[in-house]
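J.: Next up, query.txt (compact mmCIF, C-alpha atoms).
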```txt
# COMPACT_ATOMS: atom_id res chain seq x y z
CA MET A 1184 1.88 14.88 11.14
CA ALA A 1185 0.08 12.26 9.00
CA HIS A 1186 1.38 14.00 5.84
CA GLU A 1187 4.93 13.89 7.23
CA TYR A 1188 4.68 10.13 7.80
CA ARG A 1189 3.14 9.55 4.35
CA ASP A 1190 6.15 11.34 2.82
CA LEU A 1191 8.49 9.24 4.97
CA LEU A 1192 6.72 6.02 3.99
CA GLY A 1193 6.87 7.07 0.33
CA THR A 1194 10.60 7.77 0.61
CA VAL A 1195 11.38 4.44 2.28
CA THR A 1196 9.33 2.43 -0.22
CA LYS A 1197 11.10 4.02 -3.19
CA GLY A 1198 14.56 2.95 -2.09
CA SER A 1199 16.55 -0.07 -3.09
CA ALA A 1200 16.40 -1.38 0.50
CA TRP A 1201 12.61 -1.66 0.16
CA GLN A 1202 12.89 -3.59 -3.10
CA ALA A 1203 15.52 -5.92 -1.64
CA THR A 1204 13.43 -6.46 1.49
CA CYS A 1205 10.33 -7.28 -0.56
CA ARG A 1206 12.24 -9.65 -2.83
CA ASP A 1207 13.98 -11.42 0.06
CA PHE A 1208 10.72 -11.66 1.98
CA PHE A 1209 8.91 -13.18 -1.00
CA ASP A 1210 11.76 -15.60 -1.70
CA ALA A 1211 11.65 -16.78 1.92
CA THR A 1212 7.87 -16.85 2.43
CA GLY A 1213 5.98 -16.68 -0.86
CA ILE A 1214 4.12 -13.67 0.54
CA HIS A 1215 4.01 -10.39 -1.37
CA ILE A 1216 3.98 -7.20 0.69
CA SER A 1217 2.52 -3.80 -0.10
CA ALA A 1218 2.60 -0.58 1.89
CA ALA A 1219 -0.36 1.64 2.69
CA ASP A 1220 -0.51 5.01 4.41
CA SER A 1221 -2.26 5.59 7.73
CA LEU A 1222 -5.62 5.86 5.93
CA GLY A 1223 -5.11 2.55 4.14
CA LYS A 1224 -4.37 4.07 0.71
CA ALA A 1225 -1.74 2.10 -1.22
CA VAL A 1226 1.66 3.81 -1.28
CA LYS A 1227 3.57 0.94 -2.85
CA ARG A 1228 2.07 -2.24 -4.22
CA ALA A 1229 3.86 -5.56 -4.25
CA THR A 1230 6.68 -5.47 -6.78
CA THR A 1231 5.05 -8.32 -8.65
CA ARG A 1232 1.30 -8.73 -8.67
CA VAL A 1233 0.05 -11.63 -6.64
CA GLU A 1234 -1.26 -14.12 -9.21
CA ILE A 1235 -4.10 -15.42 -7.08
CA CYS A 1236 -5.16 -11.86 -6.19
CA LYS A 1237 -5.14 -10.86 -9.87
CA LEU A 1238 -7.40 -13.80 -10.56
CA VAL A 1239 -9.84 -12.85 -7.77
CA MET A 1240 -9.80 -9.19 -8.85
CA SER A 1241 -10.57 -10.19 -12.45
CA THR A 1242 -14.22 -10.68 -11.51
CA PRO A 1243 -16.57 -7.94 -10.23
CA GLU A 1244 -17.62 -10.07 -7.23
CA GLY A 1245 -14.00 -10.90 -6.40
CA LYS A 1246 -12.96 -7.24 -6.59
CA LYS A 1247 -15.79 -6.27 -4.22
CA LEU A 1248 -14.91 -9.03 -1.74
CA CYS A 1249 -11.21 -8.15 -1.79
CA ARG A 1250 -11.77 -4.47 -1.06
CA THR A 1251 -14.19 -5.27 1.73
CA CYS A 1252 -11.93 -7.77 3.51
CA HIS A 1253 -8.90 -5.47 3.33
CA GLY A 1254 -10.96 -2.62 4.77
CA VAL A 1255 -12.12 -4.78 7.65
CA SER A 1256 -8.56 -5.96 8.32
CA LEU A 1257 -7.15 -2.42 8.25
CA ALA A 1258 -9.79 -1.27 10.74
CA LYS A 1259 -9.06 -4.22 13.06
CA THR A 1260 -5.30 -3.65 12.91
CA SER A 1261 -5.74 0.06 13.52
CA LYS A 1262 -7.82 -0.69 16.61
CA VAL A 1263 -5.37 -3.16 18.18
CA SER A 1264 -2.12 -1.54 16.89
CA GLU A 1265 -0.50 -4.89 16.19
CA PRO A 1266 -0.32 -7.27 13.24
CA THR A 1267 -3.48 -9.21 12.48
CA ILE A 1268 -4.23 -12.12 10.18
CA GLY A 1269 -7.27 -11.51 8.03
CA SER A 1270 -9.21 -13.67 5.65
CA CYS A 1271 -11.47 -13.05 2.73
CA ALA A 1272 -14.66 -14.75 1.64
CA VAL A 1273 -12.78 -16.36 -1.25
CA GLY A 1274 -10.61 -18.32 1.20
CA LEU A 1275 -7.30 -16.45 1.13
CA ASN A 1276 -5.48 -15.03 4.11
CA HIS A 1277 -3.36 -11.94 4.47
CA PHE A 1278 -1.71 -10.04 7.26
CA VAL A 1279 -2.03 -6.37 8.00
CA ALA A 1280 0.65 -4.90 10.21
CA PRO A 1281 0.91 -1.35 11.54
CA LEU A 1282 4.11 0.57 10.90
CA ILE A 1283 4.69 2.47 14.10
CA VAL A 1284 7.11 5.36 14.54
CA ASN A 1285 7.17 7.36 17.78
CA ARG A 1286 4.08 5.45 18.98
CA THR A 1287 2.11 6.65 15.93
CA ILE A 1288 0.79 4.44 13.15
CA CYS A 1289 2.30 5.94 10.03
CA GLY A 1290 1.18 3.22 7.67
CA TYR A 1291 0.55 -0.47 7.19
CA LEU A 1292 2.09 -3.48 5.53
CA VAL A 1293 -0.26 -5.87 3.80
CA GLY A 1294 1.10 -9.35 3.13
CA ALA A 1295 -0.80 -11.51 0.66
CA ALA A 1296 -1.80 -14.17 -0.07
CA PHE A 1297 -1.57 -17.45 1.79
CA ILE A 1298 -3.65 -20.16 3.40
CA LEU A 1299 -3.43 -21.32 7.01
CA THR A 1300 -4.27 -25.02 6.75
CA THR A 1301 -4.28 -27.71 4.09
CA SER A 1302 -8.08 -27.88 4.21
CA ASP A 1303 -8.14 -24.17 3.34
CA ARG A 1304 -6.97 -25.10 -0.16
CA THR A 1305 -10.27 -26.91 -0.85
CA ALA A 1306 -12.22 -23.95 0.55
CA LEU A 1307 -10.16 -21.61 -1.65
CA ILE A 1308 -11.04 -23.59 -4.77
CA ARG A 1309 -14.75 -23.38 -3.87
CA GLY A 1310 -14.40 -19.65 -3.14
CA LEU A 1311 -12.73 -18.99 -6.47
CA GLN A 1312 -15.51 -20.86 -8.24
CA LYS A 1313 -18.15 -18.82 -6.37
CA VAL A 1314 -16.71 -15.59 -7.80
CA GLY A 1315 -16.80 -17.02 -11.32
CA ILE A 1316 -13.44 -18.74 -11.83
CA ASP A 1317 -13.72 -22.07 -13.67
CA GLY A 1318 -12.77 -25.27 -11.81
CA PRO A 1319 -9.48 -26.14 -13.56
CA THR A 1320 -8.19 -22.55 -13.28
CA ALA A 1321 -9.24 -22.41 -9.61
CA ARG A 1322 -7.42 -25.68 -8.82
CA ARG A 1323 -4.21 -24.59 -10.61
CA ALA A 1324 -4.22 -21.21 -8.87
CA ALA A 1325 -4.95 -22.69 -5.43
CA ALA A 1326 -2.12 -25.20 -5.82
CA LYS A 1327 0.40 -22.32 -6.05
CA VAL A 1328 -0.69 -20.58 -2.82
CA PHE A 1329 1.72 -21.01 0.09
CA ARG A 1330 0.52 -22.42 3.40
CA TRP A 1331 1.54 -20.74 6.65
CA PRO A 1332 0.12 -22.15 9.90
CA PRO A 1333 -1.34 -19.39 12.14
CA LYS A 1334 1.58 -19.10 14.59
CA GLN A 1335 4.17 -18.98 11.82
CA ALA A 1336 2.08 -16.48 9.82
CA ALA A 1337 1.93 -14.20 12.87
CA ALA A 1338 5.68 -14.54 13.42
CA VAL A 1339 6.39 -13.71 9.77
CA ALA A 1340 4.12 -10.63 9.98
CA ASN A 1341 5.91 -9.45 13.14
CA LEU A 1342 9.35 -9.98 11.62
CA ILE A 1343 8.73 -7.96 8.45
CA THR A 1344 6.91 -5.24 10.41
CA GLU A 1345 9.85 -4.80 12.75
CA GLN A 1346 12.26 -4.61 9.82
CA ILE A 1347 10.26 -1.98 7.90
CA SER A 1348 9.45 0.01 11.06
CA LEU A 1349 13.17 0.12 11.81
CA GLN A 1350 13.87 1.44 8.31
CA LEU A 1351 11.22 4.14 8.85
CA ALA A 1352 12.57 5.12 12.27
CA ASN A 1353 16.11 5.43 10.88
CA ASN A 1354 15.07 7.90 8.17
```
Could you write out this file's structure as C-alpha cells?
T.:
Amino acid sequence: MAHEYRDLLGTVTKGSAWQATCRDFFDATGIHISAADSLGKAVKRATTRVEICKLVMSTPEGKKLCRTCHGVSLAKTSKVSEPTIGSCAVGLNHFVAPLIVNRTICGYLVGAAFILTTSDRTALIRGLQKVGIDGPTARRAAAKVFRWPPKQAAAVANLITEQISLQLANN
C-alpha cells in the first residue's frame, strides 16, 4: 500500500497542477513547499531552492542541523497526524503536514522557511553566524525571510495540505 501511495504522490507532483499550486502558494506566502513520501524521503523538492536553506546547507554544521530538525518534525507530524510547525537550531521555522488519503498518511508536505516573530529575525542572524555564515551575509539573508505569526502559519499549512490532499484523493 505504501508503494501505491508513493506512486500516486509521484504522479501528482509531476503534473502542471502541482507546479501551479507551488508557484501560487509561494507568490501568496513566500513559503516553498516540497513533498516527501510516507518515510520522509523527498519526492519533489521546491521548484526553486529556498535561498536561506541553501545558505544553511552550505556549511557542514548547518546541513547536520537541518536534517536533524526535519527528522524530528516528520516524526512529530506522523505521531499526531496533523500539520505541525517546527523550528531548527538556526532559527528558521517550517511546517510539516501529512497528506492523508483514506485515513492513511501517504506523504508529507514540508513548507520552508519562515520566522514566527520579529524577534526571531535577530535569533536567525545569530544562528546563521553560529553555523559559520559571516555577519553581513547573515543579515541580508535574514532580511528576506517572510514572517508568519503562529496562527497564520498553521492556517497556511492547513490550507495547502487540504488542497494537495484533495488532488491526491481525486487521482
J.: What does the structure give for the distance between atom CA of Ser1241 of chain A and atom CA of Ala1324 of chain A, in Å to one decimal?
T.: 13.2 Å
J.: Just give me the gap between atom CA of Gly1294 of chain A and atom CA of Thr1320 of chain A in Å, one decimal is fine.
T.: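 Atom-to-atom, atom CA of Gly1294 of chain A to atom CA of Thr1320 of chain A, that is 23.0 Å.
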J.: Taking (-13.7, -16.7, -9.5) in the coordinates of the supplied file, I want to know which residues reach to within 8 Å of it, counting all atoms listed in the file; could you give the answer as number ranges by chain?
T.: A: 1238-1239, 1241-1242, 1245, 1310-1317, 1321
J.: Please measure the separation of atom CA of Asn1353 of chain A and atom CA of Thr1204 of chain A, giving the value in Å to one decimal.
T.: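 So the two atoms, atom CA of Asn1353 of chain A and atom CA of Thr1204 of chain A, lie 15.4 Å apart.
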J.: Between A:Leu1222, A:His1215, A:Glu1244, A:Val1284, which is the closest to Gln1350 of chain A once you count all atoms listed in the file?
T.: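 Using all atoms listed in the file, Gln1350 of chain A sits closest to A:Val1284.
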J.: Which residue, A:Ile1268, A:Cys1249, A:Met1240, A:Val1233, has the smallest gap to Phe1209 of chain A when you use only C-alpha atoms?
T.: A:Val1233
J.: Can you tell me, as a VMD selection string, what residues are no more than 9 Å from Trp1331 of chain A when counting all atoms listed in the file, ignoring any on the same chain fewer than 6 positions away?
T.: chain A and resid 1212 1297 to 1300
J.: Could you tell me which of A:Ile1283, A:Cys1289, A:Ala1219, A:Ile1214 comes closest to Thr1344 of chain A if we count only C-alpha atoms?
T.: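 Among the listed residues, the smallest separation from Thr1344 of chain A belongs to A:Ile1283.
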J.: List the neighbours of Ala1296 of chain A out to 10 Å using all atoms listed in the file; skip same-chain residues closer than 5 positions along the sequence, and give me the result as a PyMOL selection string.
T.: chain A and resi 1213-1216+1233-1236+1270+1274-1278+1328-1331
J.: Hey, could you patch up segment 1303-1324 of chain A with N, CA, C and O atoms and hand it over as a PDB file, keeping the file's coordinate frame?
T.:
```
ATOM      1  N   ASP A1303      -7.801 -25.472   3.920  1.00  0.00           N
ATOM      2  CA  ASP A1303      -8.140 -24.170   3.340  1.00  0.00           C
ATOM      3  C   ASP A1303      -7.999 -24.166   1.825  1.00  0.00           C
ATOM      4  O   ASP A1303      -8.636 -23.374   1.142  1.00  0.00           O
ATOM      5  N   ARG A1304      -7.165 -25.053   1.289  1.00  0.00           N
ATOM      6  CA  ARG A1304      -6.970 -25.100  -0.160  1.00  0.00           C
ATOM      7  C   ARG A1304      -8.270 -25.503  -0.868  1.00  0.00           C
ATOM      8  O   ARG A1304      -8.653 -24.935  -1.873  1.00  0.00           O
ATOM      9  N   THR A1305      -8.983 -26.477  -0.299  1.00  0.00           N
ATOM     10  CA  THR A1305     -10.270 -26.910  -0.850  1.00  0.00           C
ATOM     11  C   THR A1305     -11.288 -25.774  -0.763  1.00  0.00           C
ATOM     12  O   THR A1305     -12.027 -25.509  -1.705  1.00  0.00           O
ATOM     13  N   ALA A1306     -11.309 -25.093   0.374  1.00  0.00           N
ATOM     14  CA  ALA A1306     -12.220 -23.950   0.550  1.00  0.00           C
ATOM     15  C   ALA A1306     -11.880 -22.841  -0.443  1.00  0.00           C
ATOM     16  O   ALA A1306     -12.773 -22.177  -0.979  1.00  0.00           O
ATOM     17  N   LEU A1307     -10.590 -22.629  -0.697  1.00  0.00           N
ATOM     18  CA  LEU A1307     -10.160 -21.610  -1.650  1.00  0.00           C
ATOM     19  C   LEU A1307     -10.663 -21.939  -3.054  1.00  0.00           C
ATOM     20  O   LEU A1307     -11.164 -21.059  -3.763  1.00  0.00           O
ATOM     21  N   ILE A1308     -10.557 -23.189  -3.447  1.00  0.00           N
ATOM     22  CA  ILE A1308     -11.040 -23.590  -4.770  1.00  0.00           C
ATOM     23  C   ILE A1308     -12.542 -23.300  -4.882  1.00  0.00           C
ATOM     24  O   ILE A1308     -13.008 -22.706  -5.866  1.00  0.00           O
ATOM     25  N   ARG A1309     -13.296 -23.665  -3.857  1.00  0.00           N
ATOM     26  CA  ARG A1309     -14.750 -23.380  -3.870  1.00  0.00           C
ATOM     27  C   ARG A1309     -15.002 -21.873  -3.913  1.00  0.00           C
ATOM     28  O   ARG A1309     -15.889 -21.411  -4.627  1.00  0.00           O
ATOM     29  N   GLY A1310     -14.234 -21.112  -3.151  1.00  0.00           N
ATOM     30  CA  GLY A1310     -14.400 -19.650  -3.140  1.00  0.00           C
ATOM     31  C   GLY A1310     -14.109 -19.029  -4.488  1.00  0.00           C
ATOM     32  O   GLY A1310     -14.821 -18.114  -4.931  1.00  0.00           O
ATOM     33  N   LEU A1311     -13.065 -19.502  -5.133  1.00  0.00           N
ATOM     34  CA  LEU A1311     -12.730 -18.990  -6.470  1.00  0.00           C
ATOM     35  C   LEU A1311     -13.858 -19.306  -7.450  1.00  0.00           C
ATOM     36  O   LEU A1311     -14.224 -18.465  -8.285  1.00  0.00           O
ATOM     37  N   GLN A1312     -14.410 -20.493  -7.344  1.00  0.00           N
ATOM     38  CA  GLN A1312     -15.510 -20.860  -8.240  1.00  0.00           C
ATOM     39  C   GLN A1312     -16.752 -20.010  -7.970  1.00  0.00           C
ATOM     40  O   GLN A1312     -17.454 -19.625  -8.901  1.00  0.00           O
ATOM     41  N   LYS A1313     -16.990 -19.650  -6.705  1.00  0.00           N
ATOM     42  CA  LYS A1313     -18.150 -18.820  -6.370  1.00  0.00           C
ATOM     43  C   LYS A1313     -18.066 -17.425  -6.990  1.00  0.00           C
ATOM     44  O   LYS A1313     -19.090 -16.815  -7.264  1.00  0.00           O
ATOM     45  N   VAL A1314     -16.829 -16.916  -7.184  1.00  0.00           N
ATOM     46  CA  VAL A1314     -16.710 -15.590  -7.800  1.00  0.00           C
ATOM     47  C   VAL A1314     -16.582 -15.671  -9.321  1.00  0.00           C
ATOM     48  O   VAL A1314     -16.349 -14.668  -9.980  1.00  0.00           O
ATOM     49  N   GLY A1315     -16.737 -16.890  -9.879  1.00  0.00           N
ATOM     50  CA  GLY A1315     -16.800 -17.020 -11.320  1.00  0.00           C
ATOM     51  C   GLY A1315     -15.575 -17.601 -12.010  1.00  0.00           C
ATOM     52  O   GLY A1315     -15.479 -17.574 -13.236  1.00  0.00           O
ATOM     53  N   ILE A1316     -14.633 -18.133 -11.240  1.00  0.00           N
ATOM     54  CA  ILE A1316     -13.440 -18.740 -11.830  1.00  0.00           C
ATOM     55  C   ILE A1316     -13.755 -20.217 -12.117  1.00  0.00           C
ATOM     56  O   ILE A1316     -14.280 -20.914 -11.256  1.00  0.00           O
ATOM     57  N   ASP A1317     -13.419 -20.683 -13.322  1.00  0.00           N
ATOM     58  CA  ASP A1317     -13.720 -22.070 -13.670  1.00  0.00           C
ATOM     59  C   ASP A1317     -12.884 -23.030 -12.812  1.00  0.00           C
ATOM     60  O   ASP A1317     -11.829 -22.674 -12.293  1.00  0.00           O
ATOM     61  N   GLY A1318     -13.376 -24.262 -12.681  1.00  0.00           N
ATOM     62  CA  GLY A1318     -12.770 -25.270 -11.810  1.00  0.00           C
ATOM     63  C   GLY A1318     -11.297 -25.545 -12.069  1.00  0.00           C
ATOM     64  O   GLY A1318     -10.482 -25.484 -11.140  1.00  0.00           O
ATOM     65  N   PRO A1319     -10.904 -25.856 -13.314  1.00  0.00           N
ATOM     66  CA  PRO A1319      -9.480 -26.140 -13.560  1.00  0.00           C
ATOM     67  C   PRO A1319      -8.569 -24.953 -13.228  1.00  0.00           C
ATOM     68  O   PRO A1319      -7.506 -25.133 -12.637  1.00  0.00           O
ATOM     69  N   THR A1320      -9.002 -23.745 -13.584  1.00  0.00           N
ATOM     70  CA  THR A1320      -8.190 -22.550 -13.280  1.00  0.00           C
ATOM     71  C   THR A1320      -8.100 -22.355 -11.769  1.00  0.00           C
ATOM     72  O   THR A1320      -7.029 -22.042 -11.241  1.00  0.00           O
ATOM     73  N   ALA A1321      -9.220 -22.556 -11.074  1.00  0.00           N
ATOM     74  CA  ALA A1321      -9.240 -22.410  -9.610  1.00  0.00           C
ATOM     75  C   ALA A1321      -8.292 -23.411  -8.954  1.00  0.00           C
ATOM     76  O   ALA A1321      -7.539 -23.053  -8.046  1.00  0.00           O
ATOM     77  N   ARG A1322      -8.297 -24.655  -9.415  1.00  0.00           N
ATOM     78  CA  ARG A1322      -7.420 -25.680  -8.820  1.00  0.00           C
ATOM     79  C   ARG A1322      -5.940 -25.361  -9.078  1.00  0.00           C
ATOM     80  O   ARG A1322      -5.114 -25.498  -8.180  1.00  0.00           O
ATOM     81  N   ARG A1323      -5.612 -24.941 -10.293  1.00  0.00           N
ATOM     82  CA  ARG A1323      -4.210 -24.590 -10.610  1.00  0.00           C
ATOM     83  C   ARG A1323      -3.750 -23.409  -9.758  1.00  0.00           C
ATOM     84  O   ARG A1323      -2.638 -23.421  -9.224  1.00  0.00           O
ATOM     85  N   ALA A1324      -4.590 -22.403  -9.648  1.00  0.00           N
ATOM     86  CA  ALA A1324      -4.220 -21.210  -8.870  1.00  0.00           C
ATOM     87  C   ALA A1324      -4.067 -21.550  -7.394  1.00  0.00           C
ATOM     88  O   ALA A1324      -3.107 -21.131  -6.745  1.00  0.00           O
TER      89      ALA A1324
END
```
